[in-house]
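What follows is a short report on a single structure.
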Amino acid sequence: MSKPLSFQSMILALQSYWGAQGCVILQPYDLEVGAGTFHPATTLRSLGPDHWNACYVQPSRRPSDGRYGENPNRLQHYYQFQVILKPSPPDLIGLYLGSLDAIGIDRARHDIRFVEDDWESPTLGAWGLGWEVWCDGMEVSQFTYFQQVAGHDCAPVAGELTYGLERLAMYIQGVESIYDLAYNDAGVSYGDVFLKNEQQFSAYNFEAANTERLFQHFKDVSEECRALAARGLPLPAYDQAIKASHLFNLLNARGVISVAERQAYIGRVRDLVKAVADVWVEQVK
Amino acid sequence: MKFLLEIQSEEIPARMQAAAAEQLKTRFVDALKAAGLAHGAVTADATPRRLWLIADDVAAASEGSAEEVKGPAATAPAQAIDGFLKKTGLTRDQLEERETPKGIVLFAVMLREGRTAADILAEAVPQIVTGFAWPKSMRWGAASESTAALRWVRPLTGIVALLDDAVVPCSVHGLPSGRETRGHRVHAPDPISITSAASYADQLRAAHVLISSAERQQIIATRAAELAVAAGLALIPDQGLVAENAGLTEWPVPLLGRFDPDFLSVPREVIVLTMRTNQKYFALSDAAGALAPAFICVANLEATDGGAAIVNGNQRVLSARLSDARFFWEQDLAAVKANGLEGFLPKLSDIVFHEKLGTLADKVERVAALARWLCESGAVPADPGQAARAARLAKADLVSATVGEFPEVQGLIGRYLALAIGEDAAVADAIRDHYKPAGQGDDVPTAPVSVAVALADKLDTLVGFFAVANLPPTGSKDPFALRRAAIGALQLLASIKTGFRWLAVLGFSADLYRGQSMTAEQEAVVLDFMTDRFKVLWKDHSGRPDLVDAVRAVGVVDDFTLLTARVKALQAFVETEDGANLLAGYKRAANILKASEKDPPPAPPVGGKGEGSEAALADALDSALPQAQAAVADERFTDAMAALAALRGPVDGFFEAVMVNDPDPAIRARRLALLARFRDAVHGVADFSRIEG
């Protein structure tokens, strides 16, 4: 087998593969989000009748998952590669398997399996059916046919693929720690690029973030979101909803949101997303 | 003729496949029955990527039939006749006129010609597919622009419908049937054309797809066991896992992998759980029965390197998971070594048990007090201090890192942690067992400390939801699993065989909720609920729930050990010949008495006992009644039944020789009074009117 792809080469290979399938290759969204699904190119574009095919890398932040750079498998900031195809094309599984070939996974030697995993995002008011994709027992992708987003039926339905890039790269490169990943072929490791970020952001997420201000920000962006939605500007309004979601995640990591309050906060974010999506759907129908 | 239907789709969830195959078969058989098409054996099964059905000996055509529908009279108004013509789709001159006693009536005789099997199947297939009910279904692709699009469990990708070697042409939402299918994704990626229904299984086998789930299961079970033996180990059998893996593979290839023996410091249950639930691996044991540092995974292909890369990959995944598990476990061990299990308790104040019933910390305090009380009152023969301690620590592991990650091992982890810091074994066992029994069929703890804590936990839940939160189960909704808690409590009571007065403990338990008290009405509701559950248990135990009703009708029993003794004694009695006859006599007496209520004797009863059989019954009652009453009062139910048994002969004799409805109303009244005495004597023991048979 040839030399395994570096982290960045793997991303380039995926972009090039999906670009060749007709996807718009987008760049990451410039706001903090918890997952690639939050990108308006997925959340909002999955609603409405227009056809839409896109792929992009999305840095994703999950403040509670920070481990100060000490856990070889967990990060508070990591990358997802996201593909959204609307309507879902025939034989999407075949296309997906082709992408695995493109990053050097030999399917005659590796066991690829589609294991039931129905996706649901309480924050986005969204759900879909699909699988987690296993390669030799390891989950390497999420594969979902969106049925509803923000409480609206998806018509047509989009197919969404999410690759966990670090995990996939660890698998391809055969390393035991994220920080040991070859970022490029010139000797730069993932740790060289990101270890300090993990250390400092873990301290921020768990210890330093000023919770009083975060609560105030949450209020502010919620109001801004509603005001913008009311003015018929769903895209800017959605940015505010994304911010609310990330602020909630930060507050949650700081441990200042009780179990009982948690559901209420998730409900508030969902209501914001819903308010935005209602306007969006009205405009694109 | 042989018929094949194959419905291809993207990967069907393993857990849904068996039921889907069953449904396919039922729908097919129903459709052919409705169409009058005869057929032989029908087999239906599934792989991850297809549902299939083969029907043998399908008739070439359905039999023709004639259906007659009676219409209005020939002289009926035109409107009525038009309506009938519309309904039948015939014209006036096609109707037959027939003489009937009511005059000339119109009849529609509709001949249905036999239809060919191909016609019938072409109509049945789309109906079967569109009518199919999945637990969860979805839309996909361009068609999903309409919400009326076909729904399937995952995208439906093709339909093969062959009658022998001919395609049965039909179409489902625009998707035409054909003979093309797909083999194994890796071993046979190109489309396959199925020659005939008879060659389907072999053609797919050649394409590395085993269409029989039973065969796949058998390969998995057999090969996994062989691999284990070859490694000097034994497979820990797990039929659920066999079935699940068979539902994830079309060409199953079990492979043996290993993990670092150092991980065996993690509790066995955690290792097995993560292997089974997260990875769908089989666990193995060594000759001594201990968990072996190895596993068997089931791949879906014959890899070009013999599976080396697959084993390697799976080993790495498991190793990462076990590293996580060990990290959590070691963190918990360090925590309890520093602060004991008590160190976890403050965090229980952050977990709401129920908004109206406080936090888990509140619950723990109540359960500890209740467990102590159960022991001090003598209900459970355990040391009160030990029971209270076990109760206080029972939920501590809920905030441990390991249980946070693996919720299924709650209790088990608490026990391991307790043992690791030298807690008493009885306390440790009670921590593990206090959730039990978690349903019928689960083990029922018998160790006294475990019983005390398990019972206290369930009592507290029942009293809390019934009396404090006022949230009893309604209809089929039982969100707090109170039925299960009640059944669990009853099973625990059965195991300790000590008199336990339910009403006495209810008030104490309620008082623990910040001095709440229960009204008599609430107590009665809980007791009734418990007795209903007791009836369910007894029904499963002996099939005679009626006997529970017969006993409970006599008076409130709040001691289920006592209730059990009564029901048992009653059951033993009614199953004897004496008992069965007495029951028959009782029913006869009760019927006569009931009939007499509508027609009461106009005269008061004459005095005396009468003669012969009548007098004999009166005498027998004089002697049996006090005996039965005394026995019931002393809770000697077998003796009470024996006293009733003595009435059998006199009752039989009475009904043989005596006419109750004597023409003399005074004598009739005396005899009715005698029967009423007999009935009341029986009722002192049990309400025989509720006994079936």
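To be explicit about the labels: the chains of the structure tokens are called A, B, and onward in the order shown, and within each one the residues are counted from 1, while ligands get numbers from 1 in the order they are shown.
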
If DSSP is run on the backbone, what residues of range 163-255 of chain A are strand (DSSP E or B)? A reply as number ranges by chain would be ideal.
A: 163-164, 182, 189

Could you list, as an MDAnalysis selection string, every residue of chain A that has an atom within 6 Å of an atom of chain B, counting only C-alpha atoms?
chainID A and resid 87:89 108:111 116 136:138 155:157

Å distance separating CA of Ala486 in chain B from CA of Leu459 in chain B, one decimal place:
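Between these atoms lies a distance of 7.9 Å.
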
Which of range 417-451 of chain B DSSP labels helix (DSSP H, G or I), written as an NGL selection string
:B and (417-420 or 425-433 or 448-451)

Create the file for the chosen residues now, containing C-alpha atoms and written as a short mmCIF file (atom, residue, chain, number, x, y, z; two decimals), in the first residue's frame.
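Output (selection06.cif):
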data_model
loop_
_atom_site.label_atom_id
_atom_site.label_comp_id
_atom_site.auth_asym_id
_atom_site.auth_seq_id
_atom_site.Cartn_x
_atom_site.Cartn_y
_atom_site.Cartn_z
CA LEU B 417 -16.33 0.03 44.10
CA ALA B 418 -17.77 -0.93 47.51
CA LEU B 419 -15.79 -4.17 47.55
CA ALA B 420 -12.63 -2.36 46.48
CA ALA B 425 -20.18 -8.04 51.16
CA ALA B 426 -23.87 -7.93 52.13
CA VAL B 427 -23.86 -4.15 51.67
CA ALA B 428 -22.02 -4.43 48.35
CA ASP B 429 -24.47 -7.06 47.08
CA ALA B 430 -27.41 -4.91 48.12
CA ILE B 431 -25.98 -2.00 46.13
CA ARG B 432 -25.89 -4.20 43.06
CA ASP B 433 -29.23 -5.90 43.63
CA PRO B 448 -32.00 -9.89 53.68
CA VAL B 449 -30.05 -6.64 53.30
CA SER B 450 -30.69 -6.64 49.56
CA VAL B 451 -34.38 -7.33 50.12
#

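Closest approach to Tyr17 in chain A among A:Asp117, A:Asp101, A:Asp153, A:Asp65: A:Asp101, based on only C-alpha atoms.
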
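Atom pair CA of Ala214 in chain B / CA of Ala246 in chain B: separated by 8.2 Å.
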
Find the residues near range 141-143 of chain A: any atom within 10 Å, counting only C-alpha atoms, skip ones fewer than 5 places away on the same chain, and give them as an mmCIF file with C-alpha atoms, in the first residue's frame.
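Contents of the output file out_39.cif:
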data_model
loop_
_atom_site.group_PDB
_atom_site.id
_atom_site.type_symbol
_atom_site.label_atom_id
_atom_site.label_comp_id
_atom_site.auth_asym_id
_atom_site.auth_seq_id
_atom_site.Cartn_x
_atom_site.Cartn_y
_atom_site.Cartn_z
ATOM 1 C CA GLN A 80 -15.914 17.646 9.949
ATOM 2 C CA PHE A 81 -16.180 17.162 6.227
ATOM 3 C CA GLN A 82 -19.740 17.718 5.205
ATOM 4 C CA VAL A 83 -21.522 16.789 1.980
ATOM 5 C CA LEU A 92 -25.803 7.707 -2.695
ATOM 6 C CA ILE A 93 -24.211 4.774 -0.872
ATOM 7 C CA TYR A 96 -20.046 7.481 -0.655
ATOM 8 C CA PHE A 114 -23.904 0.497 7.515
ATOM 9 C CA VAL A 115 -25.287 0.325 11.039
ATOM 10 C CA GLU A 116 -28.673 1.820 11.843
ATOM 11 C CA ASP A 117 -28.370 5.234 13.430
ATOM 12 C CA ASP A 118 -31.216 7.663 13.208
ATOM 13 C CA TRP A 119 -30.095 11.209 13.540
ATOM 14 C CA GLY A 128 -33.500 11.941 9.558
ATOM 15 C CA LEU A 129 -32.900 8.243 8.995
ATOM 16 C CA GLY A 130 -29.611 6.670 8.103
ATOM 17 C CA TRP A 131 -26.575 4.936 9.453
ATOM 18 C CA GLU A 132 -23.290 5.341 11.102
ATOM 19 C CA VAL A 133 -20.716 3.910 8.726
ATOM 20 C CA TRP A 134 -18.212 1.536 10.237
ATOM 21 C CA CYS A 135 -14.814 0.717 8.848
ATOM 22 C CA GLY A 159 -28.708 13.281 1.762
ATOM 23 C CA GLU A 160 -26.109 14.386 4.279
ATOM 24 C CA LEU A 161 -22.695 12.809 4.780
ATOM 25 C CA THR A 162 -20.466 13.805 7.658
ATOM 26 C CA TYR A 163 -16.922 12.507 7.909
ATOM 27 C CA GLY A 164 -15.079 12.819 11.218
ATOM 28 C CA LEU A 165 -11.804 13.891 9.669
ATOM 29 C CA ARG A 167 -10.756 9.930 13.304
ATOM 30 C CA LEU A 168 -10.654 8.926 9.672
#

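Nearest to Ala368 in chain B of all the residues B:Pro384, B:Pro604, B:Pro176, B:Pro135 is B:Pro384, based on only C-alpha atoms.
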